[in-house]
Amino acid sequence: MDEARWIGTTLAAARPQALAALLRYFRDLDLAEEAYQEACLRALRTWPQNGPPRDAAAWLVFVGRNVALDSVRRRAKQTELPPEDLLSDTGDAEAEIAERLDGADYRDDVLRLLFICCHPDLPATQQIALALRIVSGLSVKQIARAFLVGEAAMEQRITRAKARIGRAQANGTGVPFESPGAVERAARLGAVAAMIYLVFNEGYSAAGDTSGAREPLCEEAIRLARLLLRLFPAEPEIMGLAALMLLQHARAGTRFDADGAPVLLDRQDRGLWNRPMIAEGLALLDKAMRHRQPGPYQVQAAIAALHARAPTPEETDWAQIDLLYGTLEIMQPSPVVTLNRAVAVAKLRGPEAALAMVEPLGDKLAGYFHYHGLRGALLMQLGRTREARDGFMTAIGLAGTAAEAAHIRSHLDGLRDAP
Amino acid sequence: MFYALLCYHQEDVVCAWTKEEDEAVMRKLAVVQERLAKEGRLGPVARLLPTTAATTLRKDQDPPLVLDGPFAETKEQLLGFYLLDCADLEEALGIARELGAANPGGSYEIRPVGLFVDGGARP
């Protein structure tokens, strides 16, 4: 790896910690970002000569703080900037800040930075865009590409989200800077976990677009979950979230064929699933279960684990999956969960039992592609061809991607010769 | 003499490598490993999953305490190890330098092995 690339990776890895500490110091997102940017520019200039610092995040905090303070002073007094080596000569101060960064403050800093992006006034898409911009440091161009919108539109979306947060912080309804209590910390963790899973799903749900533009979102979400887990190592739901994403993303390479058409779970080449990712996901789930505090992420991870563990589709433990979906229905009642459970029920007790489960969801899921797709497939298995055809036609109308529509059309083609 | 080569690196940096970068490093390491194996100097080699997957048993109390996470919070984390059969420290350092050229950044701790039991189990 060449030097510039190495420095880039180190800066990216240190970003959440450094920016979070600068935010606590300046209590202003724009100022903190500006300070971080300045510190990065200085890193690019001085690291190649002086070598990388022992603690990159501490270095960035120290230098960023000095530069920003200096620019504030300069604006006030119009005096000269001290020479570069003075500003970047961190000496003992770096060690001192490193000590402080190791403390409990530091994990609450990073949590606060993530939590600020989850402001309840922000719609989900703005939360994700903001987190990717601020915490992950993705460029507006990269984020725009991932969301399949223009750069100008994304720039505007992020600016608006930041303005909203700025207003909330200014009028006292924003996130306070004091260390949170245990209850508040748990609430923040829950909100941040949900936001991270949104980032993941944004990448996962549309991975079929052959450009691959959204895949980095999945990787970024996993990176954020690992970061959170290092700061809060004993939280079973965070372990569950990380496990869930790892187990799902392990299948990324097999979920779509060369033309971008979805490949169903039982047709995927299991030999191509990412084994280290599965091993990590299973290890995290194993750790989480020891806590005996089940939660929705752990249950979903357990379902994904049963698929990952089955050497062939036929060996899938559908009875256990049915039970787990039953648990999830109690924890997080949702017609989509019931729909997923029906897939397991179809395997266990046949299409008729599954259809009985699916039919009552019609009102709530009338506009949901997968509802009509599954219902059509069950009707097809039962030989109710005409109804199946109607179901598939509705599904095609609701398909989110061309590949999804093509997949349903292949079912329709299969029905063409049927009576 | 058997030496353990304990590989320390910043986990968040290694995890931020792209798939291509990771594969490139592993390919370069494989070249060195294959040669060492041919020379009969390579023992078991392991790459460890991230420290987030680790669990620690504190057995300085009774009953022992199970904690999530790695034993020590460090700036660089233990991410893998090699066991090497070398004549002396100089030779072990030579191999460490070679592996280090294939996988820059971080540190190798070279520790002579006092006892080695090959239990025979394989992953």
# chains A, B, ... in the order shown; residues from 1 in each chain; ligands from 1
>>> residues_around(residues="range 16-33 of chain B", least_positions_apart="2", cutoff="7 Å", atoms="only C-alpha atoms", output="count of residues only")
11
>>> interface_residues(of="chain A", to="chain B", cutoff="7 Å", atoms="only C-alpha atoms", output="PyMOL selection string")
chain A and resi 9-10+13+226+229-230+233-234+280+283-284
>>> write_last_selection(atoms="N, CA, C and O atoms", output="CSV table (one decimal), in the first residue's frame")
chain,number,residue,atom,x,y,z
A,9,THR,N,-6.3,5.9,4.6
A,9,THR,CA,-7.0,4.9,5.4
A,9,THR,C,-6.9,5.2,6.9
A,9,THR,O,-7.9,5.1,7.6
A,10,THR,N,-5.8,5.7,7.4
A,10,THR,CA,-5.6,6.1,8.8
A,10,THR,C,-6.5,7.2,9.1
A,10,THR,O,-7.2,7.2,10.2
A,13,ALA,N,-10.1,6.0,9.3
A,13,ALA,CA,-10.3,5.2,10.5
A,13,ALA,C,-10.4,6.1,11.8
A,13,ALA,O,-11.2,5.8,12.7
A,226,ARG,N,-19.1,-2.2,14.3
A,226,ARG,CA,-17.9,-2.7,14.9
A,226,ARG,C,-17.3,-1.6,15.8
A,226,ARG,O,-16.9,-1.9,17.0
A,229,LEU,N,-19.4,-1.4,18.9
A,229,LEU,CA,-19.1,-2.6,19.7
A,229,LEU,C,-17.8,-2.5,20.5
A,229,LEU,O,-17.7,-3.0,21.6
A,230,ARG,N,-16.9,-1.8,19.9
A,230,ARG,CA,-15.6,-1.6,20.6
A,230,ARG,C,-15.8,-0.7,21.8
A,230,ARG,O,-15.1,-0.8,22.8
A,233,PRO,N,-18.7,-2.9,24.5
A,233,PRO,CA,-18.5,-4.3,24.2
A,233,PRO,C,-19.5,-5.3,24.8
A,233,PRO,O,-19.6,-6.4,24.3
A,234,ALA,N,-20.3,-4.9,25.8
A,234,ALA,CA,-21.2,-5.8,26.4
A,234,ALA,C,-22.7,-5.7,26.1
A,234,ALA,O,-23.5,-6.0,26.9
A,280,GLU,N,-17.5,-14.6,11.8
A,280,GLU,CA,-17.6,-13.5,12.7
A,280,GLU,C,-19.0,-13.3,13.2
A,280,GLU,O,-19.2,-13.0,14.4
A,283,ALA,N,-19.9,-15.9,15.7
A,283,ALA,CA,-19.2,-15.7,17.0
A,283,ALA,C,-19.9,-14.6,17.8
A,283,ALA,O,-20.1,-14.7,19.0
A,284,LEU,N,-20.3,-13.6,17.1
A,284,LEU,CA,-21.0,-12.4,17.8
A,284,LEU,C,-22.3,-12.9,18.3
A,284,LEU,O,-22.7,-12.5,19.5
>>> residues_around(residues="Gln49 in chain A", least_positions_apart="5", cutoff="12 Å", atoms="only C-alpha atoms", output="PyMOL selection string")
chain A and resi 3+42-44+85
>>> select_by_dssp(residues="range 47-260 of chain A", states="helix (DSSP H, G or I)", output="number ranges by chain")
A: 47-50, 56-77, 84-88, 91-102, 104-116, 124-134, 140-147, 151-170, 182-205, 215-231, 236-249, 252-254
>>> closest_residue(among="B:Ala46, B:Leu78, B:Ala96, B:Leu65", to="Tyr3 in chain B", atoms="only C-alpha atoms")
B:Ala96
>>> residues_around(residues="range 315-323 of chain A", least_positions_apart="4", cutoff="10 Å", atoms="only C-alpha atoms", output="count of residues only")
27
